[in-house]
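Quick look at coords-v4.txt (compact mmCIF, C-alpha atoms):
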```txt
# COMPACT_ATOMS: atom_id res chain seq x y z
CA MET A 24 15.04 1.74 15.36
CA LEU A 25 13.11 1.73 12.10
CA GLN A 26 9.92 -0.24 11.87
CA THR A 27 9.89 -2.64 8.96
CA ILE A 28 7.06 -2.86 6.49
CA LYS A 29 4.18 -4.85 7.77
CA ILE A 30 4.08 -7.78 5.38
CA THR A 31 4.79 -10.98 7.21
CA PRO A 32 5.02 -14.44 5.67
CA LYS A 33 2.63 -15.77 8.35
CA GLN A 34 -0.17 -13.63 6.88
CA ASP A 35 0.37 -14.80 3.34
CA SER A 36 -1.69 -17.62 1.88
CA GLU A 37 1.38 -18.52 -0.18
CA GLU A 38 3.59 -18.91 2.90
CA GLY A 39 6.95 -20.37 2.09
CA TRP A 40 10.41 -19.53 0.87
CA ARG A 41 9.20 -17.06 -1.76
CA ALA A 42 7.19 -15.04 0.74
CA ILE A 43 10.18 -15.03 3.08
CA ILE A 44 12.45 -13.79 0.26
CA MET A 45 9.99 -11.02 -0.62
CA HIS A 46 9.63 -10.06 3.04
CA LYS A 47 13.41 -9.94 3.55
CA LEU A 48 13.96 -7.82 0.43
CA VAL A 49 11.26 -5.36 1.47
CA SER A 50 12.70 -5.16 4.99
CA PHE A 51 16.17 -4.57 3.54
CA THR A 52 15.13 -1.86 1.07
CA GLN A 53 12.63 0.00 3.25
CA PRO A 54 15.16 2.09 5.21
CA LEU A 55 16.78 3.22 1.94
CA TYR A 56 13.39 4.09 0.46
CA ARG A 57 12.45 5.99 3.64
CA HIS A 58 15.70 7.98 3.46
CA LEU A 59 15.29 8.82 -0.23
CA SER A 60 11.65 9.87 0.10
CA ARG A 61 11.68 11.71 3.45
CA LYS A 62 11.46 15.19 1.90
CA LYS A 63 8.86 14.12 -0.64
CA HIS A 64 6.63 12.45 1.96
CA PRO A 65 6.56 14.35 5.27
CA LYS A 66 5.34 12.58 8.40
CA TRP A 67 1.64 12.97 9.13
CA GLN A 68 0.55 14.97 12.16
CA THR A 69 -2.44 12.63 12.59
CA THR A 70 -1.81 9.70 14.92
CA THR A 71 -3.13 6.15 14.76
CA SER A 72 -5.38 6.75 17.77
CA GLN A 73 -6.87 9.91 16.22
CA LEU A 74 -8.04 7.99 13.15
CA SER A 75 -10.82 6.26 15.09
CA THR A 76 -12.37 9.66 15.88
CA PHE A 77 -13.13 10.42 12.23
CA PRO A 78 -16.73 10.05 10.93
CA ASN A 79 -18.12 6.63 10.03
CA HIS A 80 -17.24 5.48 6.51
CA SER A 81 -14.60 8.20 6.17
CA LEU A 82 -11.10 7.46 4.93
CA GLY A 83 -9.78 8.09 8.45
CA GLN A 84 -12.24 5.67 10.06
CA GLU A 85 -11.63 2.99 7.40
CA LEU A 86 -7.88 3.40 7.81
CA SER A 87 -8.34 2.98 11.56
CA HIS A 88 -10.29 -0.27 10.99
CA PHE A 89 -7.60 -1.56 8.64
CA LEU A 90 -4.81 -0.82 11.13
CA LYS A 91 -6.74 -2.42 14.02
CA GLN A 92 -7.67 -5.48 11.95
CA TYR A 93 -4.02 -6.24 11.27
CA SER A 94 -2.64 -4.87 14.58
CA TYR A 95 -0.67 -2.12 12.83
CA THR A 96 0.15 1.49 13.57
CA LEU A 97 0.86 4.26 11.10
CA MET A 98 4.49 4.28 10.01
CA ALA A 99 6.08 7.69 9.58
CA GLN A 100 6.43 8.61 5.90
CA PHE A 101 4.58 5.42 4.85
CA GLU A 102 1.08 6.53 5.85
CA SER A 103 -0.14 6.76 2.26
CA HIS A 104 0.90 3.14 1.73
CA ASP A 105 -1.78 2.03 4.19
CA VAL A 106 -4.25 4.37 2.48
CA PHE A 107 -3.54 2.57 -0.81
CA HIS A 108 -4.46 -0.72 0.86
CA VAL A 109 -7.73 0.78 2.11
CA LEU A 110 -8.70 2.61 -1.09
CA LEU A 111 -7.83 -0.26 -3.40
CA GLU A 112 -8.98 -3.00 -0.99
CA TYR A 113 -5.81 -5.08 -0.93
CA ARG A 114 -4.88 -7.14 2.13
CA PRO A 115 -1.37 -6.79 3.60
CA THR A 116 -0.07 -10.13 2.30
CA VAL A 117 2.95 -10.65 0.09
CA LEU A 118 0.87 -11.47 -2.99
CA ASP A 119 -1.66 -8.70 -2.41
CA GLU A 120 1.19 -6.25 -1.86
CA ALA A 121 2.57 -7.23 -5.27
CA ARG A 122 -0.91 -6.94 -6.82
CA MET A 123 -1.37 -3.50 -5.26
CA GLN A 124 2.01 -2.27 -6.52
CA CYS A 125 1.12 -3.52 -10.02
CA CYS A 126 -2.18 -1.64 -9.79
CA LEU A 127 -0.41 1.51 -8.62
CA ALA A 128 2.14 1.20 -11.44
CA GLY A 129 -0.73 0.87 -13.90
CA SER A 130 -2.30 4.05 -12.54
CA GLY A 131 0.90 5.99 -13.17
CA ARG A 132 3.01 5.52 -10.06
CA ARG A 133 6.57 5.20 -11.30
CA SER A 134 8.51 4.90 -8.08
CA LEU A 135 11.51 2.63 -7.88
CA TYR A 136 9.72 0.75 -5.10
CA SER A 137 6.55 0.08 -7.15
CA ILE A 138 8.35 -0.92 -10.32
CA GLY A 139 10.90 -2.98 -8.38
CA THR A 140 8.16 -4.84 -6.51
CA CYS A 141 6.34 -5.61 -9.76
CA ILE A 142 9.47 -6.97 -11.41
CA LEU A 143 10.57 -8.94 -8.36
CA ALA A 144 7.08 -10.41 -7.86
CA ALA A 145 6.96 -11.50 -11.51
CA LEU A 146 10.35 -13.21 -11.10
CA VAL A 147 9.59 -14.86 -7.77
CA TYR A 148 5.98 -15.81 -8.63
CA PRO A 149 6.04 -16.54 -12.39
CA GLU A 150 2.76 -18.48 -12.18
CA TYR A 151 1.03 -15.24 -11.09
CA TRP A 152 2.26 -13.19 -14.04
CA LYS A 153 -1.21 -13.00 -15.65
CA ASP A 154 -2.71 -12.09 -12.29
CA PHE A 155 -0.18 -9.29 -11.79
CA LYS A 156 -0.85 -8.08 -15.32
CA SER A 157 -4.60 -7.95 -14.64
CA HIS A 158 -3.94 -5.76 -11.59
CA PHE A 159 -1.72 -3.52 -13.71
CA VAL A 160 -4.58 -3.23 -16.21
CA ARG A 161 -6.95 -2.44 -13.33
CA GLY A 162 -4.59 0.43 -12.47
CA THR A 163 -4.84 1.83 -16.00
CA THR A 164 -8.55 2.43 -15.33
CA LEU A 165 -7.65 4.63 -12.33
CA LYS A 166 -6.40 8.17 -12.10
CA HIS A 167 -2.86 8.72 -10.96
CA PHE A 168 -3.68 9.42 -7.31
CA SER A 169 -0.62 8.24 -5.41
CA TYR A 170 0.70 11.78 -4.98
CA TRP A 171 -2.49 13.09 -3.31
CA ASN A 172 -2.23 14.49 0.21
CA PHE A 173 -4.38 11.88 1.95
CA GLU A 174 -3.99 13.40 5.39
CA THR A 175 -6.21 16.28 4.25
CA MET A 176 -8.80 13.76 2.99
CA LEU A 177 -9.31 11.73 6.15
CA THR A 178 -12.85 13.08 6.72
CA ILE A 179 -14.03 12.29 3.16
CA ASP A 180 -16.34 9.32 2.59
CA ILE A 181 -14.35 6.28 1.42
CA LEU A 182 -16.86 5.44 -1.36
CA ARG A 183 -16.60 8.99 -2.69
CA LEU A 184 -12.80 8.68 -2.83
CA ARG A 185 -13.02 5.31 -4.57
CA ARG A 186 -15.31 6.87 -7.18
CA GLU A 187 -12.96 9.85 -7.48
CA ILE A 188 -9.97 7.69 -8.41
CA GLN A 189 -11.91 6.08 -11.27
CA ARG A 190 -11.17 7.58 -14.70
```
Hey, can you dump this file as structure tokens for me?
Amino acid sequence: MLQTIKITPKQDSEEGWRAIIMHKLVSFTQPLYRHLSRKKHPKWQTTTSQLSTFPNHSLGQELSHFLKQYSYTLMAQFESHDVFHVLLEYRPTVLDEARMQCCLAGSGRRSLYSIGTCILAALVYPEYWKDFKSHFVRGTTLKHFSYWNFETMLTIDILRLRREIQR
């Protein structure tokens, strides 16, 4: 059985029908996205438990902290998604997920999932349109990094990587 993406309405400060709609749509579309991107994004060989063995302040260690903090495990073919949360410092809430996807779109990520999330979030949360736009603008100040092989970067210092994605 496929795991669903980790956003849950209970974690969202804007809990309610809109968060539930967003959560349901993500859960519905995730298996399709996984199927379409399986060749493009191979499963990592690194496990969730191995992440805690990486050096302090490394991407691997910070990813381990993030996963433990929210009681998550790495999801096959979606590992880089959690890295985006860690690198860009977005929480796994419905609104922060939308903000992060807007930021990624601004940095050059043009996946159907990113663009679709941005559009859907703007429709479902019209009062946050300016907020989403500001996160898109934040993304324009970043390099297009979403295609990087993060598994090979797990030992690199997180602050160094954050500096590296700056234009």
My list of candidates is A:Cys141, A:Leu118, A:Ile43, A:Met98. Which is closest to Trp67 (chain A) when distances are computed with only C-alpha atoms? A:Met98
Considering only C-alpha atoms, give me a table of residues in region 86-130 of chain A that are at most 12 Å from region 171-185 of chain A, with the closest atom pair and distance in Å for each, as CSV.
```
residue,atom,partner,partner_atom,distance
A:Leu86,CA,A:Leu177,CA,8.6
A:Ser87,CA,A:Leu177,CA,10.3
A:Leu97,CA,A:Glu174,CA,11.8
A:Gln100,CA,A:Glu174,CA,11.5
A:Phe101,CA,A:Phe173,CA,11.4
A:Glu102,CA,A:Glu174,CA,8.6
A:Ser103,CA,A:Phe173,CA,6.7
A:His104,CA,A:Phe173,CA,10.2
A:Asp105,CA,A:Phe173,CA,10.4
A:Val106,CA,A:Phe173,CA,7.5
A:Phe107,CA,A:Phe173,CA,9.7
A:His108,CA,A:Arg185,CA,11.8
A:Val109,CA,A:Ile181,CA,8.6
A:Leu110,CA,A:Arg185,CA,6.2
A:Leu111,CA,A:Arg185,CA,7.7
A:Glu112,CA,A:Arg185,CA,9.9
```
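If you measure from each of A:Arg186, A:Val49, A:Ala121, A:Thr76 to Leu146 (chain A) using all atoms listed in the file, the closest one turns out to be A:Ala121.
When CA of Arg114 (chain A) is paired with CA of Gln92 (chain A), their separation reads 10.3 Å.
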Using all atoms listed in the file, find all polymer residues with an atom at most 9 Å away from the point (4.9, -12.6, -5.2); report them as a PyMOL selection string. chain A and resi 37+41-42+45+117-122+140-141+143-149+151+155
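Excluding Gly129 (chain A) itself and any same-chain residue fewer than 6 positions from it, the protein and nucleic acid residues within 7 Å of it, counting all atoms listed in the file, are Phe159, Val160, Gly162 and Thr163 of chain A.
The shortest atom-to-atom distance to Arg133 (chain A), with all atoms listed in the file taken into account, belongs to A:Ser169 out of A:Ser169, A:Thr164, A:Ser157, A:Gln73.
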Which residues are near His88 (chain A)? Cut-off 12 Å, only C-alpha atoms, ignore same chain within fewer than 5 positions. Put them as a PDB file with C-alpha atoms, in the frame of the given file.
```
ATOM      1  CA  THR A  71      -3.130   6.150  14.760  1.00  0.00           C
ATOM      2  CA  SER A  72      -5.380   6.750  17.770  1.00  0.00           C
ATOM      3  CA  GLN A  73      -6.870   9.910  16.220  1.00  0.00           C
ATOM      4  CA  LEU A  74      -8.040   7.990  13.150  1.00  0.00           C
ATOM      5  CA  SER A  75     -10.820   6.260  15.090  1.00  0.00           C
ATOM      6  CA  THR A  76     -12.370   9.660  15.880  1.00  0.00           C
ATOM      7  CA  PHE A  77     -13.130  10.420  12.230  1.00  0.00           C
ATOM      8  CA  ASN A  79     -18.120   6.630  10.030  1.00  0.00           C
ATOM      9  CA  HIS A  80     -17.240   5.480   6.510  1.00  0.00           C
ATOM     10  CA  SER A  81     -14.600   8.200   6.170  1.00  0.00           C
ATOM     11  CA  LEU A  82     -11.100   7.460   4.930  1.00  0.00           C
ATOM     12  CA  GLY A  83      -9.780   8.090   8.450  1.00  0.00           C
ATOM     13  CA  TYR A  93      -4.020  -6.240  11.270  1.00  0.00           C
ATOM     14  CA  SER A  94      -2.640  -4.870  14.580  1.00  0.00           C
ATOM     15  CA  TYR A  95      -0.670  -2.120  12.830  1.00  0.00           C
ATOM     16  CA  THR A  96       0.150   1.490  13.570  1.00  0.00           C
ATOM     17  CA  ASP A 105      -1.780   2.030   4.190  1.00  0.00           C
ATOM     18  CA  VAL A 106      -4.250   4.370   2.480  1.00  0.00           C
ATOM     19  CA  HIS A 108      -4.460  -0.720   0.860  1.00  0.00           C
ATOM     20  CA  VAL A 109      -7.730   0.780   2.110  1.00  0.00           C
TER      21      VAL A 109
END
```
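The closest residue to Pro115 (chain A), picked from A:Trp152, A:Phe89, A:Phe168, A:Phe51 and counting all atoms listed in the file, is A:Phe89.
Distance-wise, CA of Ala99 (chain A) and CA of Arg132 (chain A) end up 20.0 Å apart.
Counting all atoms listed in the file and comparing A:Glu150, A:Ile188, A:Lys91, A:Thr52, the residue that lies closest to Leu135 (chain A) is A:Thr52.
Taking CA of Ser137 (chain A) as the reference point, CA of Lys153 (chain A) is found at 17.4 Å.
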Please rebuild region 108-126 of chain A with N, CA and C atoms and return the result as a PDB file, in the frame of the given file.
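Here's the written file rebuild17.pdb:
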```
ATOM      1  N   HIS A 108      -3.821   0.555   0.517  1.00  0.00           N
ATOM      2  CA  HIS A 108      -4.460  -0.720   0.860  1.00  0.00           C
ATOM      3  C   HIS A 108      -5.957  -0.529   1.074  1.00  0.00           C
ATOM      4  N   VAL A 109      -6.324   0.525   1.797  1.00  0.00           N
ATOM      5  CA  VAL A 109      -7.730   0.780   2.110  1.00  0.00           C
ATOM      6  C   VAL A 109      -8.506   1.192   0.859  1.00  0.00           C
ATOM      7  N   LEU A 110      -7.987   2.134   0.103  1.00  0.00           N
ATOM      8  CA  LEU A 110      -8.700   2.610  -1.090  1.00  0.00           C
ATOM      9  C   LEU A 110      -8.864   1.525  -2.142  1.00  0.00           C
ATOM     10  N   LEU A 111      -7.824   0.745  -2.337  1.00  0.00           N
ATOM     11  CA  LEU A 111      -7.830  -0.260  -3.400  1.00  0.00           C
ATOM     12  C   LEU A 111      -8.296  -1.636  -2.923  1.00  0.00           C
ATOM     13  N   GLU A 112      -8.472  -1.770  -1.611  1.00  0.00           N
ATOM     14  CA  GLU A 112      -8.980  -3.000  -0.990  1.00  0.00           C
ATOM     15  C   GLU A 112      -8.055  -4.211  -1.207  1.00  0.00           C
ATOM     16  N   TYR A 113      -6.784  -3.993  -0.907  1.00  0.00           N
ATOM     17  CA  TYR A 113      -5.810  -5.080  -0.930  1.00  0.00           C
ATOM     18  C   TYR A 113      -5.408  -5.413   0.505  1.00  0.00           C
ATOM     19  N   ARG A 114      -5.325  -6.699   0.804  1.00  0.00           N
ATOM     20  CA  ARG A 114      -4.880  -7.140   2.130  1.00  0.00           C
ATOM     21  C   ARG A 114      -3.355  -6.978   2.236  1.00  0.00           C
ATOM     22  N   PRO A 115      -2.826  -6.921   3.445  1.00  0.00           N
ATOM     23  CA  PRO A 115      -1.370  -6.790   3.600  1.00  0.00           C
ATOM     24  C   PRO A 115      -0.657  -8.149   3.600  1.00  0.00           C
ATOM     25  N   THR A 116      -0.796  -8.871   2.487  1.00  0.00           N
ATOM     26  CA  THR A 116      -0.070 -10.130   2.300  1.00  0.00           C
ATOM     27  C   THR A 116       0.978  -9.905   1.219  1.00  0.00           C
ATOM     28  N   VAL A 117       1.896 -10.806   1.090  1.00  0.00           N
ATOM     29  CA  VAL A 117       2.950 -10.650   0.090  1.00  0.00           C
ATOM     30  C   VAL A 117       2.355 -10.571  -1.315  1.00  0.00           C
ATOM     31  N   LEU A 118       1.452 -11.490  -1.647  1.00  0.00           N
ATOM     32  CA  LEU A 118       0.870 -11.470  -2.990  1.00  0.00           C
ATOM     33  C   LEU A 118      -0.016 -10.251  -3.213  1.00  0.00           C
ATOM     34  N   ASP A 119      -0.816  -9.885  -2.226  1.00  0.00           N
ATOM     35  CA  ASP A 119      -1.660  -8.700  -2.410  1.00  0.00           C
ATOM     36  C   ASP A 119      -0.825  -7.428  -2.458  1.00  0.00           C
ATOM     37  N   GLU A 120       0.282  -7.406  -1.760  1.00  0.00           N
ATOM     38  CA  GLU A 120       1.190  -6.250  -1.860  1.00  0.00           C
ATOM     39  C   GLU A 120       1.700  -6.120  -3.287  1.00  0.00           C
ATOM     40  N   ALA A 121       2.089  -7.247  -3.877  1.00  0.00           N
ATOM     41  CA  ALA A 121       2.570  -7.230  -5.270  1.00  0.00           C
ATOM     42  C   ALA A 121       1.447  -6.802  -6.209  1.00  0.00           C
ATOM     43  N   ARG A 122       0.238  -7.326  -5.981  1.00  0.00           N
ATOM     44  CA  ARG A 122      -0.910  -6.940  -6.820  1.00  0.00           C
ATOM     45  C   ARG A 122      -1.167  -5.432  -6.699  1.00  0.00           C
ATOM     46  N   MET A 123      -1.124  -4.924  -5.477  1.00  0.00           N
ATOM     47  CA  MET A 123      -1.370  -3.500  -5.260  1.00  0.00           C
ATOM     48  C   MET A 123      -0.317  -2.648  -5.962  1.00  0.00           C
ATOM     49  N   GLN A 124       0.957  -3.043  -5.868  1.00  0.00           N
ATOM     50  CA  GLN A 124       2.010  -2.270  -6.520  1.00  0.00           C
ATOM     51  C   GLN A 124       1.852  -2.312  -8.043  1.00  0.00           C
ATOM     52  N   CYS A 125       1.395  -3.444  -8.587  1.00  0.00           N
ATOM     53  CA  CYS A 125       1.120  -3.520 -10.020  1.00  0.00           C
ATOM     54  C   CYS A 125      -0.024  -2.579 -10.391  1.00  0.00           C
ATOM     55  N   CYS A 126      -1.052  -2.543  -9.565  1.00  0.00           N
ATOM     56  CA  CYS A 126      -2.180  -1.640  -9.790  1.00  0.00           C
ATOM     57  C   CYS A 126      -1.721  -0.186  -9.739  1.00  0.00           C
TER      58      CYS A 126
END
```
